[in-house]
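**Student:** Enclosed is the structure file coords.csv (CSV, C-alpha atoms and all ligand atoms).
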```
chain,number,residue,atom,x,y,z
E,112,MET,CA,-38.0,4.6,262.9
E,113,THR,CA,-36.3,7.9,263.4
E,114,ARG,CA,-33.8,9.1,260.9
E,115,GLY,CA,-31.0,9.0,263.6
E,116,ILE,CA,-31.5,5.3,264.3
E,117,LYS,CA,-31.7,4.6,260.6
E,118,ASN,CA,-28.4,6.3,260.0
E,119,ILE,CA,-26.7,4.4,262.8
E,120,LEU,CA,-28.0,1.1,261.4
E,121,LYS,CA,-26.8,2.1,258.0
E,122,ALA,CA,-23.4,3.1,259.2
E,123,ILE,CA,-22.8,-0.3,260.8
E,124,GLY,CA,-24.1,-2.1,257.7
E,125,VAL,CA,-27.1,-3.8,259.2
E,126,TYR,CA,-30.0,-1.5,258.0
E,127,TYR,CA,-30.6,-3.1,254.6
E,128,PRO,CA,-30.2,-6.7,255.7
E,129,LEU,CA,-32.7,-6.0,258.5
E,130,LEU,CA,-35.0,-4.3,256.1
E,131,SER,CA,-34.8,-7.1,253.6
E,132,TYR,CA,-35.5,-9.7,256.3
E,133,TYR,CA,-38.4,-7.7,257.7
E,134,HIS,CA,-39.9,-7.3,254.2
E,135,SER,CA,-39.6,-11.0,253.5
E,136,ARG,CA,-41.3,-11.9,256.8
E,137,LYS,CA,-44.0,-9.4,256.1
E,138,PHE,CA,-44.4,-10.8,252.6
E,139,ALA,CA,-44.8,-14.3,253.9
E,140,ALA,CA,-47.3,-13.3,256.6
E,141,ARG,CA,-49.4,-11.4,254.1
E,142,ASN,CA,-49.3,-14.4,251.7
E,143,ARG,CA,-50.6,-16.7,254.5
E,144,GLN,CA,-53.4,-14.3,255.3
E,145,TYR,CA,-54.5,-13.9,251.6
E,146,LYS,CA,-54.4,-17.6,250.9
E,147,LYS,CA,-57.0,-18.0,253.7
E,148,GLU,CA,-59.0,-14.9,253.0
E,149,TYR,CA,-59.3,-15.5,249.3
E,150,GLN,CA,-60.2,-19.2,249.5
E,151,GLN,CA,-63.8,-18.2,248.9
E,152,TYR,CA,-62.9,-16.7,245.5
E,153,ALA,CA,-60.8,-19.7,244.3
E,154,GLY,CA,-61.6,-21.7,241.3
E,155,SER,CA,-62.4,-19.6,238.3
E,156,GLY,CA,-62.0,-16.1,236.8
E,157,TYR,CA,-58.5,-14.7,236.7
E,158,LEU,CA,-55.6,-17.2,236.1
E,159,CYS,CA,-52.2,-16.5,237.6
E,160,ASN,CA,-49.6,-17.3,235.0
E,161,VAL,CA,-47.0,-17.7,237.7
E,162,CYS,CA,-48.5,-20.4,240.0
E,163,GLY,CA,-51.5,-21.5,237.9
E,164,SER,CA,-54.1,-20.7,240.5
E,165,SER,CA,-57.5,-19.2,239.6
E,166,TYR,CA,-59.5,-16.7,241.6
E,167,SER,CA,-62.5,-14.5,240.7
E,168,ARG,CA,-60.7,-11.7,242.5
E,169,PHE,CA,-57.1,-11.0,243.2
E,170,VAL,CA,-55.9,-8.8,246.1
E,171,PRO,CA,-56.2,-5.0,245.6
E,172,ASP,CA,-53.1,-2.8,246.0
E,173,LEU,CA,-54.0,0.8,246.4
E,174,PRO,CA,-51.6,3.8,246.8
E,175,SER,CA,-51.0,5.4,250.1
E,176,SER,CA,-52.8,8.7,250.9
E,177,GLU,CA,-49.4,10.6,250.4
E,178,ASN,CA,-49.1,9.2,246.8
E,179,LYS,CA,-52.7,9.0,245.7
E,180,ASN,CA,-53.2,12.6,244.8
E,181,ALA,CA,-50.4,12.8,242.2
E,182,LEU,CA,-51.3,9.5,240.7
E,183,ASP,CA,-55.0,10.3,240.4
E,184,LYS,CA,-54.6,13.9,239.2
E,185,ASN,CA,-52.2,12.8,236.4
E,186,GLN,CA,-54.0,9.5,235.7
E,187,VAL,CA,-50.8,7.5,236.1
E,188,ILE,CA,-50.7,3.9,235.2
E,189,ALA,CA,-48.5,2.9,238.1
E,190,GLY,CA,-49.3,-0.7,239.1
E,191,TYR,CA,-52.1,0.0,241.6
E,192,GLY,CA,-55.6,-1.3,241.3
E,193,GLU,CA,-58.2,-3.8,242.3
E,194,HIS,CA,-56.7,-7.1,241.2
E,195,ILE,CA,-53.0,-6.8,241.7
E,196,LEU,CA,-51.6,-9.5,243.9
E,197,CYS,CA,-52.2,-13.2,243.4
E,198,PRO,CA,-53.5,-14.5,246.7
E,199,ASN,CA,-51.6,-17.8,246.3
E,200,CYS,CA,-48.2,-16.7,245.2
E,201,MET,CA,-48.1,-12.9,245.6
E,202,SER,CA,-47.2,-12.2,242.0
E,203,THR,CA,-48.0,-8.6,240.9
E,204,ALA,CA,-50.0,-7.4,237.9
E,205,ARG,CA,-46.9,-5.8,236.4
E,206,GLU,CA,-45.0,-9.1,236.8
E,207,ARG,CA,-47.8,-11.1,235.2
E,208,LEU,CA,-47.9,-8.8,232.2
E,209,ILE,CA,-44.2,-9.2,231.5
E,210,ILE,CA,-44.3,-13.0,232.1
E,211,ALA,CA,-47.3,-13.2,229.8
E,212,TYR,CA,-45.4,-11.4,227.1
E,213,LEU,CA,-42.2,-13.4,227.6
E,214,LYS,CA,-44.1,-16.7,227.5
E,215,ASP,CA,-46.1,-15.7,224.4
E,216,LYS,CA,-43.4,-14.0,222.3
E,217,VAL,CA,-39.8,-14.5,223.6
E,218,ASN,CA,-37.6,-17.6,223.4
E,219,LEU,CA,-35.4,-17.4,226.4
E,220,GLU,CA,-33.5,-20.6,225.8
E,221,GLY,CA,-29.8,-20.0,226.1
E,222,LYS,CA,-30.2,-16.2,226.1
E,223,LYS,CA,-28.0,-13.9,228.2
E,224,VAL,CA,-30.3,-11.7,230.2
E,225,LEU,CA,-29.6,-8.6,232.4
E,226,HIS,CA,-32.3,-8.2,235.0
E,227,LEU,CA,-32.1,-4.9,237.0
E,228,SER,CA,-33.8,-4.5,240.4
E,229,PRO,CA,-35.0,-8.1,240.1
E,230,GLU,CA,-38.6,-8.7,241.0
E,231,ARG,CA,-39.2,-12.0,242.6
E,232,LYS,CA,-41.5,-13.8,240.1
E,233,VAL,CA,-39.9,-12.3,236.9
E,234,SER,CA,-36.5,-13.4,238.2
E,235,ILE,CA,-37.6,-16.9,238.9
E,236,TYR,CA,-39.2,-17.2,235.4
E,237,LEU,CA,-36.1,-15.8,233.6
E,238,ARG,CA,-33.8,-18.2,235.5
E,239,GLU,CA,-35.7,-21.3,234.4
E,240,LYS,CA,-34.4,-20.9,230.8
E,241,ALA,CA,-31.9,-18.1,230.4
E,242,ALA,CA,-28.5,-17.2,231.8
E,243,VAL,CA,-29.4,-14.3,234.1
E,244,THR,CA,-27.2,-11.5,235.5
E,245,THR,CA,-29.0,-9.5,238.2
E,246,ALA,CA,-27.9,-6.1,239.3
E,247,ASP,CA,-29.0,-3.1,241.3
E,248,LEU,CA,-27.6,0.1,242.7
E,249,MET,CA,-28.4,-1.3,246.2
E,250,PRO,CA,-28.2,-5.1,246.0
E,251,GLU,CA,-28.8,-5.2,249.8
E,252,ILE,CA,-32.4,-4.5,249.3
E,253,TYR,CA,-32.8,-7.7,247.2
E,254,MET,CA,-31.0,-10.1,249.5
E,255,SER,CA,-34.1,-11.9,250.6
E,256,ILE,CA,-35.3,-12.3,246.9
E,257,VAL,CA,-32.2,-13.1,244.9
E,258,LYS,CA,-28.8,-13.9,246.4
E,259,ASP,CA,-26.3,-12.9,243.7
E,260,VAL,CA,-27.3,-9.3,242.8
E,261,GLN,CA,-24.3,-7.3,241.5
E,262,ARG,CA,-23.9,-3.7,242.5
E,263,GLN,CA,-24.3,-1.7,239.3
E,264,ASP,CA,-25.2,1.9,238.5
E,265,ALA,CA,-27.4,1.9,235.4
E,266,THR,CA,-25.8,5.2,234.2
E,267,LYS,CA,-22.4,3.6,234.2
E,268,PHE,CA,-22.5,-0.2,233.9
E,269,THR,CA,-19.2,-2.1,234.1
E,270,PHE,CA,-20.5,-4.5,231.4
E,271,THR,CA,-18.8,-4.5,228.0
E,272,ASP,CA,-20.7,-3.4,224.8
E,273,ASN,CA,-23.2,-5.8,223.3
E,274,SER,CA,-23.2,-8.2,226.3
E,275,PHE,CA,-26.9,-9.2,226.6
E,276,ASP,CA,-29.7,-10.5,224.4
E,277,ILE,CA,-32.4,-9.2,226.7
E,278,LEU,CA,-32.5,-6.5,229.4
E,279,VAL,CA,-35.4,-6.3,231.9
E,280,ALA,CA,-35.7,-3.3,234.1
E,281,ASN,CA,-39.3,-3.0,235.4
E,282,HIS,CA,-40.1,0.4,236.9
E,283,ILE,CA,-36.6,1.7,237.1
E,284,LEU,CA,-36.2,4.7,234.9
E,285,GLU,CA,-38.6,6.9,236.9
E,286,HIS,CA,-36.1,6.7,239.8
E,287,ILE,CA,-33.0,7.7,237.9
E,288,PRO,CA,-32.2,11.5,237.7
E,289,ASP,CA,-30.3,11.2,234.4
E,290,ASP,CA,-32.7,8.7,232.7
E,291,ARG,CA,-31.3,9.4,229.2
E,292,LYS,CA,-27.8,8.5,230.4
E,293,ALA,CA,-29.2,5.2,231.7
E,294,MET,CA,-31.0,4.6,228.4
E,295,ARG,CA,-27.7,5.1,226.5
E,296,GLU,CA,-26.1,2.6,228.8
E,297,MET,CA,-28.9,0.1,228.4
E,298,TYR,CA,-28.5,0.5,224.6
E,299,ARG,CA,-24.8,0.0,224.8
E,300,VAL,CA,-24.8,-3.3,226.7
E,301,LEU,CA,-27.6,-4.8,224.6
E,302,LYS,CA,-26.5,-6.8,221.5
E,303,PRO,CA,-27.8,-5.6,218.1
E,304,GLY,CA,-31.2,-7.2,217.7
E,305,GLY,CA,-31.6,-7.3,221.5
E,306,LEU,CA,-34.8,-6.8,223.4
E,307,ALA,CA,-35.4,-4.4,226.3
E,308,ILE,CA,-38.4,-4.5,228.6
E,309,LEU,CA,-38.4,-1.1,230.4
E,310,GLN,CA,-41.9,-0.6,231.9
E,311,VAL,CA,-42.4,2.6,233.8
E,312,PRO,CA,-45.3,4.4,235.4
E,313,TYR,CA,-46.7,6.8,232.8
E,314,SER,CA,-49.5,9.2,232.0
E,315,GLU,CA,-51.4,9.8,228.7
E,316,THR,CA,-53.1,12.9,230.0
E,317,ILE,CA,-50.3,15.2,231.0
E,318,ALA,CA,-48.9,17.5,228.3
E,319,THR,CA,-45.3,16.4,228.9
E,320,THR,CA,-43.1,14.5,231.4
E,321,ILE,CA,-43.2,16.1,234.8
E,322,GLU,CA,-39.8,15.9,236.5
E,323,GLU,CA,-37.3,17.3,238.9
E,324,PRO,CA,-34.2,15.2,238.5
E,325,ALA,CA,-32.3,16.9,241.4
E,326,ILE,CA,-35.1,16.6,243.9
E,327,ASN,CA,-34.3,14.9,247.2
E,328,ASP,CA,-37.4,15.4,249.4
E,329,PRO,CA,-39.5,12.3,249.8
E,330,ALA,CA,-42.7,14.1,250.9
E,331,LYS,CA,-42.5,16.4,247.9
E,332,GLN,CA,-41.7,13.5,245.6
E,333,SER,CA,-44.9,11.7,246.8
E,334,ALA,CA,-46.9,14.9,246.3
E,335,LEU,CA,-45.5,15.5,242.8
E,336,PHE,CA,-44.8,12.1,241.4
E,337,GLY,CA,-46.8,9.7,243.5
E,338,GLN,CA,-43.9,7.9,245.1
E,339,GLU,CA,-41.3,9.0,247.6
E,340,ASP,CA,-38.4,8.0,245.5
E,341,HIS,CA,-39.5,8.9,242.0
E,342,VAL,CA,-38.1,11.9,240.2
E,343,ARG,CA,-40.6,12.1,237.4
E,344,ILE,CA,-43.9,11.0,235.8
E,345,PHE,CA,-43.3,10.1,232.1
E,346,GLU,CA,-45.7,11.3,229.5
E,347,LEU,CA,-46.3,8.2,227.2
E,348,ASN,CA,-45.1,9.7,223.9
E,349,ASP,CA,-42.2,11.6,225.5
E,350,TYR,CA,-41.1,8.4,227.1
E,351,MET,CA,-41.0,6.6,223.8
E,352,HIS,CA,-39.3,9.6,222.2
E,353,ARG,CA,-36.5,9.6,224.8
E,354,LEU,CA,-35.9,5.9,224.1
E,355,LYS,CA,-35.8,6.5,220.4
E,356,SER,CA,-33.4,9.4,220.8
E,357,VAL,CA,-30.7,7.0,222.1
E,358,GLY,CA,-31.2,4.7,219.2
E,359,PHE,CA,-33.9,2.2,220.3
E,360,ILE,CA,-36.8,1.1,218.1
E,361,VAL,CA,-39.9,1.4,220.2
E,362,GLU,CA,-43.3,-0.1,219.6
E,363,LEU,CA,-46.3,-0.7,221.7
E,364,LEU,CA,-47.5,-4.3,221.9
E,365,PRO,CA,-50.8,-4.5,219.9
E,366,GLN,CA,-53.9,-4.1,222.1
E,367,ALA,CA,-55.1,-7.5,220.9
E,368,ASP,CA,-52.2,-9.1,222.7
E,369,ILE,CA,-52.7,-7.0,225.8
E,370,ASP,CA,-56.4,-8.0,225.8
E,371,HIS,CA,-55.4,-11.6,225.4
E,372,TYR,CA,-53.3,-11.3,228.6
E,373,ALA,CA,-56.1,-9.8,230.7
E,374,ILE,CA,-57.1,-13.2,232.0
E,375,HIS,CA,-54.0,-13.0,234.1
E,376,ALA,CA,-55.3,-9.9,236.0
E,377,THR,CA,-52.9,-7.5,234.3
E,378,GLN,CA,-53.5,-3.9,235.1
E,379,PRO,CA,-56.3,-2.4,232.9
E,380,GLY,CA,-54.9,0.2,230.6
E,381,GLU,CA,-51.2,-0.8,231.0
E,382,LYS,CA,-49.4,-0.8,227.7
E,383,LEU,CA,-46.3,-2.9,227.0
E,384,PHE,CA,-43.3,-1.2,225.4
E,385,VAL,CA,-41.4,-3.5,223.0
E,386,ILE,CA,-38.0,-1.9,222.7
E,387,ARG,CA,-35.2,-3.2,220.4
E,388,LYS,CA,-31.7,-2.3,219.5
E,389,PRO,CA,-31.4,-2.3,215.7
U,1,ZN,ZN,-50.0,-16.9,241.6
```
Taking this structure as input, can you express it in the form of C-alpha cells?
**Tutor:**
Amino acid sequence: MTRGIKNILKAIGVYYPLLSYYHSRKFAARNRQYKKEYQQYAGSGYLCNVCGSSYSRFVPDLPSSENKNALDKNQVIAGYGEHILCPNCMSTARERLIIAYLKDKVNLEGKKVLHLSPERKVSIYLREKAAVTTADLMPEIYMSIVKDVQRQDATKFTFTDNSFDILVANHILEHIPDDRKAMREMYRVLKPGGLAILQVPYSETIATTIEEPAINDPAKQSALFGQEDHVRIFELNDYMHRLKSVGFIVELLPQADIDHYAIHATQPGEKLFVIRKP
C-alpha cells in the first residue's frame, strides 16, 4: 500500500480498524494452516501452557531479511526462533514464558493489573483472575484482540499514583524514545511492593545500549535495531541499571526456573526480569 493511500485511510479513521481486521483474519488463516500442517508432530515434546496441546515442534518465526542483520550481528534475544508459535492456539514463546512465570510464582486473585499493548494470550490469562486495565498509545491496533483498550501514553499516564499491583508491558520500552520517563511513570502507578514484567529485546554482547531516540526512518531502524519501529537495542546490564535508576528493584529469575519452563517452548536464552517497586 502506498504512503498516500495509507494517509487518506488514516485521515478518515478507517486505516487501523481495517488493519486490525486484516491481521485477525490472517491470524485465523495461519492458525488453520498450522493446525493441519503440524498434526504430524502432535502428541509429545513441547507442552503449550495456554491451550494444553503437545507437539514435538512448534512453528518457527524468523526475522525478515531487513531485520535479520541487526539482530544477528548484535545477538539480540528478540522473540524469534525455531519453536515460537503453538500450532494449535498461536501463543508465542514470549507469551508462554510470562504465563509460565505467572502461573508458577504470582497470585493474581483479586489483583489490579495494568496490561500495556495487550498481547492476546497473556491478556486472556490475566483476565481469568485479575481486574485488568488495558492500555496502549494506539488502541485501534488492538481492537480485534481486546475491546476495551484505553488510550494512554506510557510517558504520561492519567492513572493516579500507586494504582496497580502488577504491570505487564511486554516488548514496549524499546519503542519509546524517552524510555526512562516511561520507567518513572510505570514506577509511579505501581503500588509499593508491586510487580512489573517489562520484557524487552536485549543483547549481552554489545558494549552498551545502541539507540537513537529521535529516529523516524523505518528502513534505518530495521538496519540498526532489527525492527522498523524500535529506537534501541538494550544491553542487558544497562537495561537493568536504567530500571534501578528510577527506583525499581531488579532481579533475573533464577536459571533453574527458566530451565523448568523450557518444556513450554520458551525462547532459548531469554531471561525474565523480575522488577519490583520497594
Ligand atoms: Zn497452544
**Student:** Nearest to ligand ZN 1 (chain U) among E:Met254, E:Ala153, E:Leu227, E:Val243, with distances taken over only C-alpha atoms and all ligand atoms: which residue is it?
**Tutor:**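 Nearest to ligand ZN 1 (chain U): E:Ala153.
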**Student:** Work out how far CA of Ser135 (chain E) is from CA of Pro198 (chain E), in Å to one decimal.
**Tutor:**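 Between CA of Pro198 (chain E) and CA of Ser135 (chain E) the gap is 15.9 Å.
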**Student:** Any residue with an atom at most 10 Å from ligand ZN 1 (chain U) counts, using all atoms listed in the file. Which are they? Put them as a PyMOL selection string.
**Tutor:** chain E and resi 158-166+169+196-203+207+232+375
**Student:** Name the closest residue to Thr245 (chain E) among the candidates E:Met294, E:Val300, E:Leu130, E:Leu225; distances are taken between atoms, counting all atoms listed in the file.
**Tutor:**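 Smallest distance to Thr245 (chain E) is found for E:Leu225.
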**Student:** Work out how far apart CA of Lys382 (chain E) and CA of Gly221 (chain E) are and give it in Å to one decimal.
**Tutor:** 27.5 Å
**Student:** Between E:His352, E:Lys184, E:His194, E:His226, which one has atoms that come closest to Ile374 (chain E), using only C-alpha atoms?
**Tutor:**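 Between E:His352, E:Lys184, E:His194, E:His226, the residue approaching Ile374 (chain E) most closely is E:His194.
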**Student:** Might you pull out every residue within 9 Å of Glu251 (chain E), with all atoms listed in the file counted and same-chain residues fewer than 2 positions away left off, and present them as a list in words?
**Tutor:**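 Residues near the query, excluding close chain neighbours: Tyr127, Pro128, Leu130, Ser131, Asp247, Leu248, Met249, Tyr253, Met254, Ser255, Val260 and Arg262 of chain E.
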**Student:** Set the distance at 9 Å and use all atoms listed in the file: which residues neighbour region 345-348 of chain E once local chain neighbours fewer than 6 positions away are removed? I'd like the list as number ranges by chain.
**Tutor:** E: 187, 285, 311-322
**Student:** For Ser333 (chain E), work out the shell of residues within 12 Å, counting all atoms listed in the file and skipping chain neighbours fewer than 5 positions away, then give it as JSON, numbers by chain.
**Tutor:** {"E": [174, 175, 176, 177, 178, 179, 180, 181, 182, 326, 327, 328, 338, 339, 340, 341, 342, 343, 344]}
**Student:** Expressed in Å to a single decimal, how great is the separation between CA of Thr377 (chain E) and CA of Leu208 (chain E)?
**Tutor:** 5.6 Å
**Student:** Please define a box with edges along x, y and z of the file around all atoms of region 336-355 of chain E given in the file, extend it by 3 Å on each side, and return its centre and edge lengths in Å to one decimal, as lines of an AutoDock Vina configuration file.
**Tutor:**
```
center_x = -41.3
center_y = 9.0
center_z = 234.0
size_x = 17.0
size_y = 12.2
size_z = 33.2
```
**Student:** Show me, as a list in words, the residues that have an atom within 8 Å of Phe384 (chain E) when counting only C-alpha atoms, minus same-chain residues fewer than 5 positions from it.
**Tutor:**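 Selected residues are Ile308, Leu309, Gln310, Val361, Glu362, Leu363 and Leu364 of chain E.
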**Student:** What's the 8 Å shell around Val233 (chain E), counting all atoms listed in the file, without same-chain residues fewer than 6 positions away, as a PDB file with C-alpha atoms, keeping the file's coordinate frame?
**Tutor:**
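Output (around.pdb):
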```pdb
ATOM      1  CA  GLU E 206     -45.000  -9.100 236.800  1.00  0.00           C
ATOM      2  CA  ILE E 209     -44.200  -9.200 231.500  1.00  0.00           C
ATOM      3  CA  ILE E 210     -44.300 -13.000 232.100  1.00  0.00           C
TER       4      ILE E 210
END
```
**Student:** May I ask which of the residues E:Thr244, E:Ser228, E:Asn185, E:Thr266 is the closest one to Ala280 (chain E), counting only C-alpha atoms?
**Tutor:**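 The answer is E:Ser228, which sits nearest to Ala280 (chain E).
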**Student:** Between E:Ile369, E:Asp172, E:Arg205, E:Ala307, which is the closest to Glu193 (chain E) once you count only C-alpha atoms?
**Tutor:** E:Asp172
**Student:** Nearest to Ile287 (chain E) among E:Pro303, E:Pro324, E:Gly154, E:Pro329, with distances taken over all atoms listed in the file: which residue is it?
**Tutor:**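 Closest candidate: E:Pro324.
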**Student:** Please check which residues have atoms at most 10 Å from (-20.1, -5.2, 225.5) in the file's coordinates, counting all atoms listed in the file, and write them as a list in words.
**Tutor:**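 Returned residue set, sorted by chain then number, is Thr269, Phe270, Thr271, Asp272, Asn273, Ser274, Phe275, Arg299, Val300, Leu301 and Lys302 of chain E.
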